[in-house]
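K.L.:
Enclosed is the structure file upload-v8.cif (mmCIF, C-alpha atoms).
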data_input
loop_
_atom_site.label_atom_id
_atom_site.label_comp_id
_atom_site.auth_asym_id
_atom_site.auth_seq_id
_atom_site.Cartn_x
_atom_site.Cartn_y
_atom_site.Cartn_z
CA MET B 260 -94.00 -77.31 -21.83
CA VAL B 261 -94.28 -78.11 -25.54
CA ASP B 262 -97.36 -78.99 -27.57
CA ILE B 263 -96.27 -82.34 -29.04
CA LEU B 264 -93.41 -84.67 -28.15
CA ILE B 265 -92.53 -87.58 -30.45
CA LYS B 266 -90.27 -89.85 -28.41
CA ASP B 267 -88.15 -92.98 -28.82
CA ALA B 268 -88.14 -92.86 -32.63
CA ARG B 269 -85.59 -93.44 -35.34
CA ILE B 270 -85.21 -89.96 -36.81
CA VAL B 271 -84.21 -89.61 -40.46
CA THR B 272 -83.40 -85.91 -40.46
CA LEU B 273 -82.35 -85.16 -44.08
CA ASN B 274 -80.29 -82.32 -42.60
CA SER B 275 -77.07 -81.22 -44.28
CA SER B 276 -75.14 -84.21 -42.88
CA ARG B 277 -78.06 -86.61 -43.58
CA GLN B 278 -78.00 -87.60 -39.92
CA VAL B 279 -80.02 -90.59 -38.73
CA ILE B 280 -80.68 -90.67 -34.98
CA GLU B 281 -81.25 -94.26 -33.89
CA ARG B 282 -83.32 -93.34 -30.83
CA GLY B 283 -84.44 -89.81 -30.15
CA SER B 284 -87.20 -87.27 -29.67
CA VAL B 285 -88.69 -84.41 -31.67
CA ALA B 286 -90.43 -81.61 -29.76
CA ILE B 287 -93.00 -79.36 -31.44
CA GLU B 288 -94.31 -76.05 -30.19
CA GLY B 289 -96.94 -74.34 -32.29
CA GLU B 290 -96.10 -74.95 -35.92
CA ARG B 291 -92.34 -75.43 -35.49
CA ILE B 292 -89.77 -77.97 -34.36
CA VAL B 293 -88.11 -76.68 -31.18
CA ALA B 294 -85.87 -79.60 -30.19
CA ILE B 295 -84.29 -82.74 -31.61
CA CYS B 296 -82.43 -84.79 -29.03
CA GLU B 297 -81.88 -88.24 -27.58
CA GLU B 298 -84.10 -87.54 -24.58
CA PHE B 299 -86.37 -84.53 -24.07
CA LYS B 300 -86.77 -83.58 -20.38
CA ASP B 301 -89.61 -81.06 -20.54
CA LYS B 302 -93.31 -81.95 -20.43
CA ALA B 303 -95.66 -81.98 -23.40
CA ASP B 304 -99.42 -81.60 -23.87
CA LYS B 305 -99.38 -84.58 -26.22
CA VAL B 306 -96.84 -87.41 -26.24
CA ILE B 307 -96.54 -89.77 -29.21
CA ASP B 308 -94.73 -93.00 -28.38
CA ALA B 309 -92.78 -93.83 -31.53
CA ARG B 310 -90.98 -96.99 -30.42
CA GLY B 311 -90.60 -99.23 -33.46
CA LYS B 312 -91.33 -96.30 -35.72
CA ALA B 313 -89.36 -93.87 -37.88
CA VAL B 314 -89.85 -90.11 -38.14
CA LEU B 315 -88.95 -88.33 -41.34
CA PRO B 316 -89.80 -85.11 -43.12
CA GLY B 317 -93.19 -85.07 -44.79
CA LEU B 318 -92.91 -86.07 -48.43
CA ILE B 319 -93.26 -83.42 -51.14
CA ASN B 320 -95.11 -84.22 -54.36
CA ALA B 321 -93.64 -81.59 -56.68
CA HIS B 322 -95.93 -82.16 -59.66
CA THR B 323 -99.52 -83.35 -59.76
CA HIS B 324 -103.03 -82.50 -60.94
CA LEU B 325 -105.06 -83.27 -57.85
CA ALA B 326 -108.63 -83.39 -59.15
CA MET B 327 -107.59 -85.91 -61.81
CA VAL B 328 -108.03 -88.61 -59.15
CA LEU B 329 -111.62 -88.74 -60.45
CA GLN B 330 -110.20 -90.03 -63.75
CA ARG B 331 -108.25 -92.84 -62.13
CA GLY B 332 -108.56 -95.93 -64.34
CA LEU B 333 -110.66 -94.22 -67.02
CA ALA B 334 -107.93 -93.83 -69.64
CA ASP B 335 -105.17 -96.41 -69.43
CA ASP B 336 -102.68 -97.90 -71.90
CA MET B 337 -102.78 -95.12 -74.52
CA PRO B 338 -100.18 -92.85 -76.17
CA LEU B 339 -99.92 -89.43 -74.51
CA MET B 340 -101.43 -87.20 -77.20
CA GLU B 341 -104.26 -89.67 -77.92
CA TRP B 342 -104.84 -90.00 -74.17
CA LEU B 343 -105.14 -86.22 -73.85
CA SER B 344 -107.27 -85.54 -76.92
CA THR B 345 -109.72 -88.47 -76.73
CA LYS B 346 -110.04 -89.03 -72.99
CA VAL B 347 -108.64 -86.42 -70.62
CA TRP B 348 -109.65 -83.20 -72.34
CA PRO B 349 -113.25 -84.35 -73.11
CA ILE B 350 -113.69 -85.35 -69.47
CA GLU B 351 -112.19 -82.08 -68.22
CA GLN B 352 -114.58 -80.07 -70.41
CA ARG B 353 -117.44 -81.59 -68.42
CA MET B 354 -115.92 -81.15 -64.97
CA LYS B 355 -117.65 -78.58 -62.78
CA ASP B 356 -116.52 -76.70 -59.69
CA LYS B 357 -118.08 -79.29 -57.39
CA ASP B 358 -116.28 -82.12 -59.24
CA CYS B 359 -112.90 -80.49 -58.71
CA LYS B 360 -113.70 -79.93 -55.05
CA VAL B 361 -114.54 -83.59 -54.52
CA GLY B 362 -111.46 -84.65 -56.50
CA ALA B 363 -109.30 -82.38 -54.35
CA GLN B 364 -110.78 -83.87 -51.17
CA LEU B 365 -110.04 -87.40 -52.37
CA GLY B 366 -106.52 -86.39 -53.44
CA CYS B 367 -105.74 -84.71 -50.11
CA LEU B 368 -107.09 -87.74 -48.25
CA GLU B 369 -104.87 -90.07 -50.27
CA MET B 370 -101.80 -87.89 -49.74
CA ILE B 371 -102.34 -87.51 -45.99
CA LYS B 372 -102.74 -91.29 -45.66
CA SER B 373 -99.57 -91.98 -47.68
CA GLY B 374 -97.25 -89.42 -46.08
CA THR B 375 -97.32 -86.44 -48.44
CA THR B 376 -97.50 -83.17 -46.51
CA CYS B 377 -96.88 -80.70 -49.36
CA PHE B 378 -97.73 -80.79 -53.06
CA ALA B 379 -97.42 -78.64 -56.17
CA ASP B 380 -100.62 -78.65 -58.20
CA GLN B 381 -101.48 -77.27 -61.62
CA TYR B 382 -105.07 -77.55 -62.84
CA PHE B 383 -108.27 -75.52 -63.17
CA ASN B 384 -110.99 -74.50 -60.67
CA MET B 385 -108.06 -73.98 -58.33
CA ASP B 386 -110.14 -71.94 -55.89
CA GLN B 387 -111.86 -75.22 -55.02
CA VAL B 388 -108.50 -76.93 -54.50
CA ALA B 389 -107.30 -74.07 -52.29
CA ARG B 390 -110.37 -74.33 -50.07
CA VAL B 391 -109.82 -78.07 -49.65
CA VAL B 392 -106.15 -77.47 -48.81
CA GLU B 393 -107.25 -75.07 -46.09
CA GLU B 394 -109.86 -77.55 -44.80
CA SER B 395 -107.63 -80.62 -44.84
CA GLY B 396 -104.59 -79.02 -43.21
CA ILE B 397 -102.11 -80.05 -45.91
CA ARG B 398 -99.61 -77.66 -47.56
CA GLY B 399 -100.02 -76.72 -51.24
CA ALA B 400 -98.19 -74.72 -53.92
CA LEU B 401 -101.07 -74.13 -56.30
CA SER B 402 -101.21 -72.83 -59.85
CA TYR B 403 -103.98 -72.29 -62.35
CA GLY B 404 -103.10 -74.04 -65.62
CA MET B 405 -102.97 -71.31 -68.28
CA ILE B 406 -103.63 -72.38 -71.90
CA ASP B 407 -104.22 -69.85 -74.69
CA ASN B 408 -103.21 -71.79 -77.84
CA GLY B 409 -102.34 -68.45 -79.47
CA ASP B 410 -105.78 -66.92 -78.89
CA SER B 411 -105.38 -63.40 -77.52
CA LYS B 412 -108.89 -63.27 -76.02
CA LYS B 413 -108.36 -66.59 -74.29
CA ARG B 414 -105.02 -65.29 -72.99
CA GLU B 415 -106.72 -62.28 -71.40
CA ILE B 416 -109.15 -64.59 -69.62
CA GLU B 417 -106.34 -66.89 -68.39
CA VAL B 418 -104.32 -63.96 -67.09
CA LYS B 419 -107.35 -62.54 -65.24
CA ILE B 420 -108.12 -65.89 -63.61
CA SER B 421 -104.49 -66.20 -62.50
CA GLN B 422 -104.43 -62.66 -61.12
CA ASP B 423 -107.61 -63.25 -59.14
CA PHE B 424 -106.29 -66.55 -57.80
CA ILE B 425 -103.10 -64.86 -56.58
CA LYS B 426 -105.07 -62.09 -54.88
CA ASP B 427 -107.52 -64.46 -53.22
CA PHE B 428 -105.28 -67.27 -52.02
CA HIS B 429 -101.54 -66.51 -51.92
CA CYS B 430 -100.14 -67.02 -48.39
CA LYS B 431 -103.55 -67.98 -47.02
CA ALA B 432 -104.26 -70.76 -44.49
CA ASN B 433 -101.48 -69.57 -42.17
CA GLY B 434 -99.11 -69.57 -45.14
CA ARG B 435 -99.79 -73.21 -46.07
CA ILE B 436 -101.14 -72.08 -49.43
CA THR B 437 -98.70 -70.47 -51.82
CA VAL B 438 -99.62 -69.57 -55.39
CA MET B 439 -97.50 -70.11 -58.49
CA LEU B 440 -98.09 -69.09 -62.09
CA GLY B 441 -99.02 -72.08 -64.24
CA PRO B 442 -98.48 -71.70 -68.01
CA HIS B 443 -99.22 -75.25 -69.12
CA SER B 444 -96.42 -75.82 -71.63
CA PRO B 445 -94.55 -74.34 -74.61
CA TYR B 446 -96.87 -76.16 -77.02
CA THR B 447 -100.16 -74.92 -75.51
CA CYS B 448 -99.06 -71.37 -74.60
CA SER B 449 -98.05 -68.56 -76.94
CA LYS B 450 -94.87 -66.60 -76.37
CA GLU B 451 -97.04 -63.74 -75.14
CA CYS B 452 -98.76 -65.98 -72.60
CA LEU B 453 -95.45 -67.36 -71.34
CA MET B 454 -93.94 -63.92 -70.94
CA GLU B 455 -97.04 -62.52 -69.26
CA ALA B 456 -96.77 -65.32 -66.71
CA LYS B 457 -93.07 -64.57 -66.29
CA GLU B 458 -93.79 -60.90 -65.66
CA MET B 459 -96.58 -61.65 -63.17
CA ALA B 460 -94.30 -64.05 -61.30
CA LYS B 461 -91.54 -61.45 -61.16
CA LYS B 462 -93.89 -58.70 -59.99
CA SER B 463 -95.30 -60.80 -57.14
CA SER B 464 -92.16 -62.87 -56.35
CA LEU B 465 -93.91 -66.13 -57.23
CA GLY B 466 -92.80 -69.40 -58.74
CA ILE B 467 -93.76 -70.76 -62.17
CA HIS B 468 -94.99 -74.33 -62.74
CA ILE B 469 -94.76 -75.61 -66.32
CA HIS B 470 -94.59 -78.88 -68.31
CA VAL B 471 -91.46 -79.18 -70.45
CA SER B 472 -90.26 -81.86 -72.90
CA GLU B 473 -92.53 -84.62 -71.66
CA SER B 474 -92.77 -86.54 -74.94
CA ARG B 475 -91.11 -86.96 -78.31
CA ASP B 476 -94.28 -85.58 -79.95
CA GLU B 477 -93.97 -82.40 -77.87
CA LEU B 478 -90.30 -82.09 -78.81
CA LYS B 479 -91.17 -82.40 -82.51
CA GLN B 480 -94.09 -79.99 -82.28
CA VAL B 481 -92.18 -77.23 -80.49
CA THR B 482 -89.06 -77.64 -82.65
CA GLU B 483 -91.09 -77.34 -85.85
CA LYS B 484 -93.04 -74.35 -84.55
CA CYS B 485 -90.24 -72.42 -82.84
CA GLY B 486 -87.08 -73.67 -84.54
CA LYS B 487 -85.62 -74.71 -81.19
CA ARG B 488 -86.00 -77.52 -78.68
CA PRO B 489 -88.43 -76.66 -75.83
CA LEU B 490 -85.87 -75.67 -73.18
CA GLU B 491 -83.72 -73.87 -75.76
CA TYR B 492 -86.79 -71.96 -76.89
CA LEU B 493 -87.81 -71.02 -73.34
CA ASP B 494 -84.26 -69.88 -72.67
CA SER B 495 -84.13 -67.82 -75.87
CA ILE B 496 -87.19 -65.77 -74.86
CA GLY B 497 -85.87 -65.13 -71.33
CA PHE B 498 -88.44 -67.32 -69.60
CA LEU B 499 -86.18 -69.55 -67.51
CA GLY B 500 -84.92 -68.78 -64.03
CA PRO B 501 -84.64 -70.21 -60.50
CA GLU B 502 -88.36 -69.63 -59.94
CA VAL B 503 -89.27 -72.15 -62.68
CA LEU B 504 -90.49 -75.64 -61.75
CA ALA B 505 -90.13 -77.73 -64.91
CA ALA B 506 -92.16 -80.95 -64.84
CA HIS B 507 -90.90 -84.02 -66.72
CA CYS B 508 -87.77 -82.89 -68.65
CA VAL B 509 -87.64 -86.29 -70.38
CA TRP B 510 -86.54 -85.31 -73.89
CA ILE B 511 -83.63 -83.03 -73.07
CA ASN B 512 -80.02 -83.22 -74.24
CA ASP B 513 -76.73 -82.31 -72.57
CA ALA B 514 -76.93 -78.70 -73.71
CA GLU B 515 -80.39 -78.35 -72.17
CA ILE B 516 -79.24 -79.95 -68.92
CA SER B 517 -76.56 -77.26 -68.79
CA ILE B 518 -79.27 -74.65 -69.34
CA LEU B 519 -81.21 -76.04 -66.38
CA ARG B 520 -78.11 -75.79 -64.19
CA ASP B 521 -77.07 -72.34 -65.41
CA ARG B 522 -80.54 -70.82 -65.02
CA GLY B 523 -81.27 -72.54 -61.70
CA VAL B 524 -84.41 -74.24 -63.06
CA LYS B 525 -85.87 -76.99 -60.83
CA PRO B 526 -86.78 -80.15 -62.82
CA VAL B 527 -89.36 -82.64 -61.51
CA HIS B 528 -89.01 -86.35 -62.30
CA ASN B 529 -92.29 -88.28 -62.75
CA PRO B 530 -91.12 -91.85 -63.30
CA VAL B 531 -94.37 -93.82 -62.94
CA SER B 532 -96.38 -91.50 -65.20
CA ASN B 533 -93.57 -91.42 -67.76
CA MET B 534 -93.36 -95.22 -67.76
CA LYS B 535 -97.12 -95.67 -68.00
CA MET B 536 -97.42 -93.22 -70.90
CA GLY B 537 -94.36 -94.74 -72.56
CA VAL B 538 -92.74 -91.36 -73.17
CA GLY B 539 -89.17 -92.15 -72.10
CA VAL B 540 -86.81 -91.76 -69.17
CA ALA B 541 -85.58 -88.41 -67.89
CA PRO B 542 -81.77 -88.08 -67.59
CA VAL B 543 -81.91 -87.91 -63.80
CA PRO B 544 -78.37 -89.18 -63.03
CA GLU B 545 -76.89 -86.63 -65.42
CA MET B 546 -78.85 -83.80 -63.76
CA LEU B 547 -77.97 -84.93 -60.25
CA SER B 548 -74.28 -85.21 -61.18
CA LEU B 549 -74.29 -81.50 -62.05
CA GLY B 550 -75.76 -80.58 -58.68
CA ILE B 551 -79.26 -79.92 -60.03
CA PRO B 552 -81.76 -80.61 -57.20
CA VAL B 553 -84.15 -82.88 -59.09
CA ALA B 554 -87.52 -83.13 -57.31
CA LEU B 555 -90.09 -85.91 -57.57
CA GLY B 556 -93.77 -85.97 -58.50
CA THR B 557 -96.55 -88.42 -59.23
CA ASP B 558 -98.24 -86.41 -61.98
CA GLY B 559 -102.03 -86.79 -61.98
CA ALA B 560 -103.70 -90.02 -60.89
CA ALA B 561 -105.10 -90.45 -64.41
CA SER B 562 -101.59 -91.20 -65.64
CA ASN B 563 -100.05 -92.82 -62.57
CA ASN B 564 -102.69 -94.09 -61.04
CA SER B 565 -101.54 -93.28 -57.50
CA LEU B 566 -100.42 -90.34 -55.38
CA ASP B 567 -98.23 -92.56 -53.18
CA MET B 568 -94.78 -90.98 -53.05
CA PHE B 569 -93.24 -94.13 -51.57
CA ARG B 570 -94.07 -95.91 -54.82
CA GLU B 571 -92.62 -92.96 -56.71
CA MET B 572 -89.33 -93.01 -54.79
CA LYS B 573 -88.85 -96.71 -55.47
CA ALA B 574 -89.69 -96.22 -59.14
CA ALA B 575 -87.22 -93.34 -59.42
CA ALA B 576 -84.42 -95.47 -58.03
CA LEU B 577 -85.21 -98.62 -60.02
CA LEU B 578 -86.10 -97.05 -63.37
CA ASN B 579 -82.85 -95.16 -63.58
CA LYS B 580 -80.81 -98.20 -62.52
CA VAL B 581 -82.23 -100.40 -65.28
CA HIS B 582 -82.19 -97.61 -67.86
CA LYS B 583 -78.50 -96.95 -67.26
CA MET B 584 -77.76 -100.61 -66.45
CA ASN B 585 -76.02 -99.19 -63.40
CA PRO B 586 -77.14 -100.20 -59.89
CA VAL B 587 -75.84 -96.95 -58.38
CA ALA B 588 -77.44 -94.60 -60.93
CA VAL B 589 -79.93 -93.27 -58.33
CA PRO B 590 -79.12 -94.61 -54.83
CA ALA B 591 -81.76 -94.88 -52.11
CA THR B 592 -80.53 -91.72 -50.38
CA ALA B 593 -80.83 -89.72 -53.60
CA ALA B 594 -84.39 -90.94 -54.14
CA LEU B 595 -85.33 -89.90 -50.59
CA GLU B 596 -83.71 -86.49 -51.11
CA MET B 597 -85.75 -86.00 -54.28
CA ALA B 598 -89.00 -86.44 -52.32
CA THR B 599 -87.97 -84.26 -49.37
CA ILE B 600 -85.27 -81.59 -49.37
CA ASN B 601 -85.05 -81.34 -53.19
CA GLY B 602 -88.81 -80.90 -53.35
CA ALA B 603 -88.54 -78.13 -50.79
CA LYS B 604 -85.84 -76.43 -52.88
CA ALA B 605 -88.00 -76.78 -55.99
CA LEU B 606 -90.77 -74.81 -54.27
CA SER B 607 -88.35 -72.33 -52.62
CA LEU B 608 -89.42 -73.69 -49.21
CA GLN B 609 -86.11 -75.24 -48.15
CA ASP B 610 -85.85 -72.85 -45.19
CA LYS B 611 -89.21 -74.08 -43.90
CA ILE B 612 -89.66 -77.76 -44.82
CA GLY B 613 -87.90 -80.75 -46.37
CA SER B 614 -85.77 -81.77 -43.38
CA ILE B 615 -86.10 -82.23 -39.64
CA GLU B 616 -84.24 -79.31 -38.08
CA VAL B 617 -84.88 -76.95 -35.18
CA GLY B 618 -86.75 -73.88 -36.36
CA LYS B 619 -88.33 -75.54 -39.38
CA LYS B 620 -92.04 -76.17 -39.77
CA ALA B 621 -93.32 -79.32 -38.10
CA ASP B 622 -94.24 -81.16 -41.30
CA LEU B 623 -93.47 -84.72 -40.23
CA ILE B 624 -94.57 -88.28 -40.85
CA ILE B 625 -94.21 -91.33 -38.63
CA ILE B 626 -93.71 -94.71 -40.27
CA ASP B 627 -94.59 -97.97 -38.56
CA MET B 628 -91.49 -100.11 -39.07
CA GLU B 629 -92.91 -103.11 -37.19
CA LYS B 630 -94.07 -104.84 -40.37
CA PRO B 631 -92.92 -108.14 -41.91
CA HIS B 632 -91.76 -106.40 -45.09
CA LEU B 633 -89.66 -103.98 -43.03
CA LYS B 634 -87.75 -106.59 -41.03
CA PRO B 635 -84.98 -107.22 -40.20
CA MET B 636 -83.95 -103.62 -39.62
CA ASN B 637 -80.56 -103.32 -41.29
CA ASN B 638 -80.71 -100.04 -43.23
CA ILE B 639 -83.49 -97.56 -42.53
CA VAL B 640 -83.12 -95.54 -45.75
CA SER B 641 -83.00 -98.70 -47.87
CA HIS B 642 -86.19 -99.94 -46.22
CA LEU B 643 -87.97 -96.62 -46.78
CA ILE B 644 -87.20 -96.64 -50.50
CA TYR B 645 -87.26 -100.30 -51.50
CA SER B 646 -89.64 -101.90 -48.98
CA ALA B 647 -92.05 -99.35 -47.50
CA ASN B 648 -95.29 -98.08 -48.99
CA GLY B 649 -97.78 -95.36 -48.18
CA ALA B 650 -99.90 -97.70 -46.04
CA ASP B 651 -97.00 -97.90 -43.57
CA VAL B 652 -97.54 -94.24 -42.61
CA ASP B 653 -98.97 -94.18 -39.09
CA THR B 654 -99.13 -90.44 -38.36
CA THR B 655 -99.05 -87.28 -40.49
CA ILE B 656 -98.35 -83.84 -39.04
CA VAL B 657 -98.42 -80.53 -40.94
CA ASP B 658 -97.67 -77.14 -39.42
CA GLY B 659 -97.66 -78.78 -36.00
CA ARG B 660 -101.21 -80.10 -36.46
CA VAL B 661 -101.86 -83.85 -36.38
CA LEU B 662 -103.83 -84.65 -39.55
CA MET B 663 -103.70 -88.43 -39.12
CA GLU B 664 -102.89 -90.53 -36.07
CA GLU B 665 -102.68 -94.33 -35.99
CA ARG B 666 -104.08 -94.35 -39.56
CA LYS B 667 -107.19 -92.37 -38.59
CA VAL B 668 -107.53 -89.13 -40.56
CA LEU B 669 -108.65 -86.31 -38.25
CA SER B 670 -108.98 -83.40 -40.67
CA LEU B 671 -111.34 -85.00 -43.21
CA ASN B 672 -114.28 -87.38 -42.96
CA GLU B 673 -112.76 -90.34 -44.78
CA GLU B 674 -115.96 -92.35 -45.20
CA LYS B 675 -117.85 -89.35 -46.57
CA VAL B 676 -115.04 -88.38 -48.97
CA LEU B 677 -114.80 -91.90 -50.39
CA GLU B 678 -118.55 -92.19 -50.88
CA LEU B 679 -118.85 -88.77 -52.52
CA ALA B 680 -115.85 -89.42 -54.80
CA GLN B 681 -117.41 -92.60 -56.19
CA ARG B 682 -120.77 -90.92 -56.72
CA THR B 683 -119.13 -87.92 -58.42
CA SER B 684 -117.04 -90.10 -60.73
CA ASP B 685 -120.09 -92.13 -61.72
CA ASP B 686 -121.97 -88.93 -62.50
CA LEU B 687 -119.04 -87.57 -64.53
CA ILE B 688 -118.90 -90.74 -66.63
CA SER B 689 -122.66 -90.58 -67.27
CA ARG B 690 -122.34 -86.95 -68.40
CA LEU B 691 -119.56 -87.92 -70.77
CA SER B 692 -121.67 -90.72 -72.29
CA GLU B 693 -124.75 -88.53 -72.70
CA LYS B 694 -122.95 -85.86 -74.74
CA ARG B 695 -121.22 -88.15 -77.19
#
Please lay out the structure from this file as structure tokens.
P.N.:
Amino acid sequence: MVDILIKDARIVTLNSSRQVIERGSVAIEGERIVAICEEFKDKADKVIDARGKAVLPGLINAHTHLAMVLQRGLADDMPLMEWLSTKVWPIEQRMKDKDCKVGAQLGCLEMIKSGTTCFADQYFNMDQVARVVEESGIRGALSYGMIDNGDSKKREIEVKISQDFIKDFHCKANGRITVMLGPHSPYTCSKECLMEAKEMAKKSSLGIHIHVSESRDELKQVTEKCGKRPLEYLDSIGFLGPEVLAAHCVWINDAEISILRDRGVKPVHNPVSNMKMGVGVAPVPEMLSLGIPVALGTDGAASNNSLDMFREMKAAALLNKVHKMNPVAVPATAALEMATINGAKALSLQDKIGSIEVGKKADLIIIDMEKPHLKPMNNIVSHLIYSANGADVDTTIVDGRVLMEERKVLSLNEEKVLELAQRTSDDLISRLSEKR
């Protein structure tokens, strides 16, 4: 007897051979996958009939700022540094604990409904985010965004907040919450702040989540300040290593790509955000060609304006094709890998999630393929990347727990979350207007 049996599905495993089972079953006991076969003979407490549907690993959003969903649509069509200094940072200065909690609830709701089962988040008031992760049932690699701008007193505060966050939340919620160190970037963190984060990560065997080389302005700023390009600078101070998750990596050259490979750094491509902010195109094909497991992220909803990883996979494939004027620059399979197994590798969770294999965690999504835009069924991976969207997700399972079934979210009160999110955003905007 198993807990859940998903039967008669197309199974896109993302295992080492990238096997696709045209008609099969996935059996779940507790939090793990215990069988993958054409026909499962044993009984199950719950049977999910997946005829006409596809089962694949839950998608992994490897870089976002969850509570920024409250800023969706508030600051569009602006250059990055102007966007940050005149819109985002003033709003963030007025955000309270309760705002971040509501933003996290809305973000988790959106991700569950669009097939994301694990995400890497860097922001502030992260204790609120962690509590929502526990409540919603999703999986999160969470980091407090450290910014000291060379101020030693501010650095002490940032370090203390990070230490407390590690102590309070690492490996909580049955291990669904993992904590990373989150120095924001080389241009907002001093060398001392960066190295303190590095030492804390080493001491506690944690990952590090950082923004690197997102824009030409950042490249110029760091080069003038440090005498080296951002990745060269981080390498020169001994910061880089396989524990580092490097978001963006847009303005990097061949030498820096080699540094990423040699140090085992995990880059995260954020195509929609990068396009919307007009900052450039990351050299994804070059990184993939060197065997670097590029992951995929949405960035925050203020600069995307969505957390839908299906949109992100399509954008990753298409952007790199047109940029290189090469239709095979990032094939559909590569885009799917970026959002699944590569994301798992980026978070050092490849032994637990990212593919459908016996013994791995039951983080799965079921896609309804009986839609006009998904017919005729000729190539399942092609359809998932170029035709599907987050609204095609029928069921979301994390850690063996069904979080959404037949589009109904079970772990959060959707109506209440949507109502509260609108009210909170309206209040945030009014606060911003009052203090100008």
K.L.:
Report as a ChimeraX atom specification all protein, DNA and RNA residues lying within 6 Å of region 331-346 of chain B, evaluated on all atoms listed in the file, omitting residues in the same chain fewer than 3 positions from it.
P.N.:
/B:328,349,536,560-561,564
K.L.:
Closest to Asn433 (chain B) among B:Glu571, B:Asp476, B:Glu290, B:Asp410, using only C-alpha atoms?
P.N.:
B:Glu290
K.L.:
Using only C-alpha atoms, determine which residues lie at most 7 Å from Ile265 (chain B), disregarding the query and same-chain residues fewer than 2 positions distant; provide the list as a ChimeraX atom specification.
P.N.:
/B:263,284-286,306-309
K.L.:
Using the chain letters and numbering of this document, enumerate as a PDB file with C-alpha atoms, keeping the file's coordinate frame the residues selected by the PyMOL selection byres ((chain B and resi 503) around 10).
P.N.:
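Generated output (out-v5.pdb):
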ATOM      1  CA  MET B 439     -97.500 -70.110 -58.490  1.00  0.00           C
ATOM      2  CA  LEU B 440     -98.090 -69.090 -62.090  1.00  0.00           C
ATOM      3  CA  GLY B 441     -99.020 -72.080 -64.240  1.00  0.00           C
ATOM      4  CA  LYS B 457     -93.070 -64.570 -66.290  1.00  0.00           C
ATOM      5  CA  ALA B 460     -94.300 -64.050 -61.300  1.00  0.00           C
ATOM      6  CA  LEU B 465     -93.910 -66.130 -57.230  1.00  0.00           C
ATOM      7  CA  GLY B 466     -92.800 -69.400 -58.740  1.00  0.00           C
ATOM      8  CA  ILE B 467     -93.760 -70.760 -62.170  1.00  0.00           C
ATOM      9  CA  HIS B 468     -94.990 -74.330 -62.740  1.00  0.00           C
ATOM     10  CA  ILE B 469     -94.760 -75.610 -66.320  1.00  0.00           C
ATOM     11  CA  PHE B 498     -88.440 -67.320 -69.600  1.00  0.00           C
ATOM     12  CA  LEU B 499     -86.180 -69.550 -67.510  1.00  0.00           C
ATOM     13  CA  GLY B 500     -84.920 -68.780 -64.030  1.00  0.00           C
ATOM     14  CA  PRO B 501     -84.640 -70.210 -60.500  1.00  0.00           C
ATOM     15  CA  GLU B 502     -88.360 -69.630 -59.940  1.00  0.00           C
ATOM     16  CA  LEU B 504     -90.490 -75.640 -61.750  1.00  0.00           C
ATOM     17  CA  ALA B 505     -90.130 -77.730 -64.910  1.00  0.00           C
ATOM     18  CA  ALA B 506     -92.160 -80.950 -64.840  1.00  0.00           C
ATOM     19  CA  LEU B 519     -81.210 -76.040 -66.380  1.00  0.00           C
ATOM     20  CA  ARG B 522     -80.540 -70.820 -65.020  1.00  0.00           C
ATOM     21  CA  GLY B 523     -81.270 -72.540 -61.700  1.00  0.00           C
ATOM     22  CA  VAL B 524     -84.410 -74.240 -63.060  1.00  0.00           C
ATOM     23  CA  LYS B 525     -85.870 -76.990 -60.830  1.00  0.00           C
ATOM     24  CA  PRO B 526     -86.780 -80.150 -62.820  1.00  0.00           C
ATOM     25  CA  ALA B 605     -88.000 -76.780 -55.990  1.00  0.00           C
ATOM     26  CA  LEU B 606     -90.770 -74.810 -54.270  1.00  0.00           C
TER      27      LEU B 606
END
K.L.:
Would you write out, as a PyMOL selection string, every residue that the PyMOL selection byres ((chain B and resi 549-559) around 7) captures in this file?
P.N.:
chain B and resi 320-325+327-328+520+525-529+531-532+545-548+560-563+566+568+571+597-598+601-602+605
K.L.:
Please write as a PyMOL selection string the full residue list that the PyMOL selection byres ((chain B and resi 374) around 9) yields on this file.
P.N.:
chain B and resi 317-319+369-373+375-376+567-569+623-626+649-655
K.L.:
Determine, counting all atoms listed in the file, which protein, DNA and RNA residues have an atom within 10 Å of an atom of Val481 (chain B); residues of the same chain fewer than 5 positions away are not included. Present the result as a list of chain:residue names.
P.N.:
B:Ser444, B:Pro445, B:Tyr446, B:Thr447, B:Ser472, B:Asp476, B:Gly486, B:Lys487, B:Arg488, B:Pro489, B:Leu490, B:Tyr492
K.L.:
Quote the spacing between CA of Ala294 (chain B) and CA of Leu662 (chain B) in Å to one decimal place.
P.N.:
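Separation between CA of Ala294 (chain B) and CA of Leu662 (chain B): 20.9 Å.
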K.L.:
Could you jot down the CA of Glu298 (chain B) to CA of Arg282 (chain B) separation for me, Å, one decimal place?
P.N.:
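According to the coordinates, CA of Glu298 (chain B) and CA of Arg282 (chain B) are separated by 8.6 Å.
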K.L.:
Point out the residue among B:Cys452, B:Leu669, B:Val657, B:Ile496 with the least atom-to-atom distance to Arg398 (chain B), counting all atoms listed in the file.
P.N.:
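The answer is B:Val657, which sits nearest to Arg398 (chain B).
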